[in-house]
Every structure is written in structure tokens, then in C-alpha cells.
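Asks: The following block contains the structure, expressed as C-alpha cells.
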Amino acid sequence: MRNASSSPIDPRRAWRRAAWATGLLGSGVVAAAAVWAFQPIDQRLAATNDSETKPTAASSSVASSGRARVDVKAFDATLWSKTPVVAPDAAADAERARKAPVDLHVDLIGITDEGGHLVAALYDRDRDRVLLVKDGDEISLGGGARVKKLTLDEVVLKRGSEEVALARRRPER
């Protein structure tokens, strides 16, 4: 009687043959890659683009063969530049500098136009609340304050004889 390993359709024999063939094919691919990788480099392709080197017969043959040399100076070009920051209006800066820096513990969140009227959102840090104010509104901030002027860029609050300008901060680029 024959055992299972000597059968012509034995799966173990088929796997052994497949493994042997795969190893032989893989070795051939590795050998071909090694021959390609370790072959000597053509000296015409290895020539550098230094201005100090004198042209040789090999480099003149590169030029005559139609292959262009790489211009290394092209890599020195500035591709990205920072966007210039536009200075704000000098008159507006001078006006803000004249106003006393009094802290009312209020921050300007934003300004919007609702139906033709400007509305500013102010954050009261002392009471942890948001106030929506229009031009001329009275607000109760540590002694009271009045909205003197409201534009798309700033809110001017007046408390007694002191004025505080809250300017809208634009994100930096």
C-alpha cells in the first residue's frame, strides 16, 4: 500500500515545489537588482555643475548630446514670502493715543450691522455677561458708561470725562 506522501496529488509536495520555485525566482530578481545597482556610474552623468571646474571632453560630450546641465542657482529662488502688514491709519492711531487708557473691564467681541443700525457685542468681565449696545446706549459698568461713538472698527465708551476706545482686532497674517 502507498502512503499519502507518495501520492501524485499530495498537497505537501505541491507546496514544497511552489516554495522552491518562489525561492528560485526571488533569488533571480535579487541578483538582477544587485547587478543594476552596483554597476559603475557613467562619468558624464556624475559631472557636477561647479563653476570652478574646467570643461573636460566628457562634459563637452554631455553638452553635445543634447542633455542640459542643471542650473543650481535656480534652487536659490525665494518661493514663499510673508504678506506685508499694512499699517493702520496714522490719524486713527494718534486719536487713540490721546484717549486715556482706562480699563472698564469690558472687551469688544464684535460689531455687526442689523437693519441699518450698528450693534456691538461687549463682554463684561466683572459680571460675566455679554452686552449688546447701540450708539448712545447707557451701560452699567462700575459707575456707568455711555456709548459715544460706534463704527465698524471701534466702540468709544465715555465715563465722566474719560473716553475708552475698544478697537476690533483683526487676525494677523
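All residue names refer to the C-alpha cells as shown: chains lettered A, B, ... in order, residues numbered from 1 in each chain, ligands numbered from 1 in order.
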Leaving out Ser140 in chain A and any residue of its chain fewer than 5 positions from it, which residues lie within 10 Å of it when counting only C-alpha atoms, given as a ChimeraX atom specification?

Replies: /A:124,145-146

Asks: Find the residues around Arg129 in chain A up to 12 Å (only C-alpha atoms counted), leave out those fewer than 6 positions away in its own chain, and share them as a PDB file with N, CA and C atoms, in the first residue's frame.

Replies:
```
ATOM      1  N   HIS A 105     -13.005  97.033  32.262  1.00  0.00           N
ATOM      2  CA  HIS A 105     -13.226  95.581  32.368  1.00  0.00           C
ATOM      3  C   HIS A 105     -14.266  95.113  31.357  1.00  0.00           C
ATOM      4  N   VAL A 106     -14.170  95.670  30.147  1.00  0.00           N
ATOM      5  CA  VAL A 106     -15.068  95.310  29.059  1.00  0.00           C
ATOM      6  C   VAL A 106     -14.221  94.981  27.841  1.00  0.00           C
ATOM      7  N   ASP A 107     -14.599  93.918  27.137  1.00  0.00           N
ATOM      8  CA  ASP A 107     -13.913  93.527  25.908  1.00  0.00           C
ATOM      9  C   ASP A 107     -14.905  93.584  24.751  1.00  0.00           C
ATOM     10  N   ILE A 109     -16.319  92.097  21.548  1.00  0.00           N
ATOM     11  CA  ILE A 109     -16.391  90.793  20.885  1.00  0.00           C
ATOM     12  C   ILE A 109     -16.558  90.978  19.383  1.00  0.00           C
ATOM     13  N   ALA A 121     -21.207  93.878  20.382  1.00  0.00           N
ATOM     14  CA  ALA A 121     -21.282  92.883  21.453  1.00  0.00           C
ATOM     15  C   ALA A 121     -20.086  93.111  22.369  1.00  0.00           C
ATOM     16  N   LEU A 122     -20.360  93.429  23.629  1.00  0.00           N
ATOM     17  CA  LEU A 122     -19.326  93.687  24.622  1.00  0.00           C
ATOM     18  C   LEU A 122     -19.390  92.618  25.694  1.00  0.00           C
ATOM     19  N   TYR A 123     -18.231  92.213  26.186  1.00  0.00           N
ATOM     20  CA  TYR A 123     -18.177  91.220  27.259  1.00  0.00           C
ATOM     21  C   TYR A 123     -17.785  91.921  28.551  1.00  0.00           C
ATOM     22  N   SER A 140     -24.254  99.846  32.510  1.00  0.00           N
ATOM     23  CA  SER A 140     -23.849  99.940  33.917  1.00  0.00           C
ATOM     24  C   SER A 140     -22.533  99.198  34.119  1.00  0.00           C
ATOM     25  N   LEU A 141     -21.456  99.959  34.068  1.00  0.00           N
ATOM     26  CA  LEU A 141     -20.121  99.413  34.286  1.00  0.00           C
ATOM     27  C   LEU A 141     -19.458 100.244  35.373  1.00  0.00           C
TER      28      LEU A 141
END
```

Asks: Expressed in Å to a single decimal, how great is the separation between CA of Glu162 in chain A and CA of Asp128 in chain A?

Replies: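 Taking CA of Glu162 in chain A as the start and CA of Asp128 in chain A as the end point, the length is 23.4 Å.
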
Asks: So how many Å separate CA of His117 in chain A and CA of Asp135 in chain A, to one decimal?

Replies: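 Straight-line distance from CA of His117 in chain A to CA of Asp135 in chain A works out to 8.6 Å.
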
Asks: How many Å lie between CA of Gly136 in chain A and CA of Arg169 in chain A, rounded to one decimal?

Replies: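 Between CA of Gly136 in chain A and CA of Arg169 in chain A the gap works out to 22.5 Å.
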
Asks: Point out the residue among A:Glu138, A:Thr112, A:Arg127, A:Glu163 with the least atom-to-atom distance to Thr151 in chain A, counting only C-alpha atoms.

Replies: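 Ranked by minimum distance to Thr151 in chain A, first place goes to A:Thr112.
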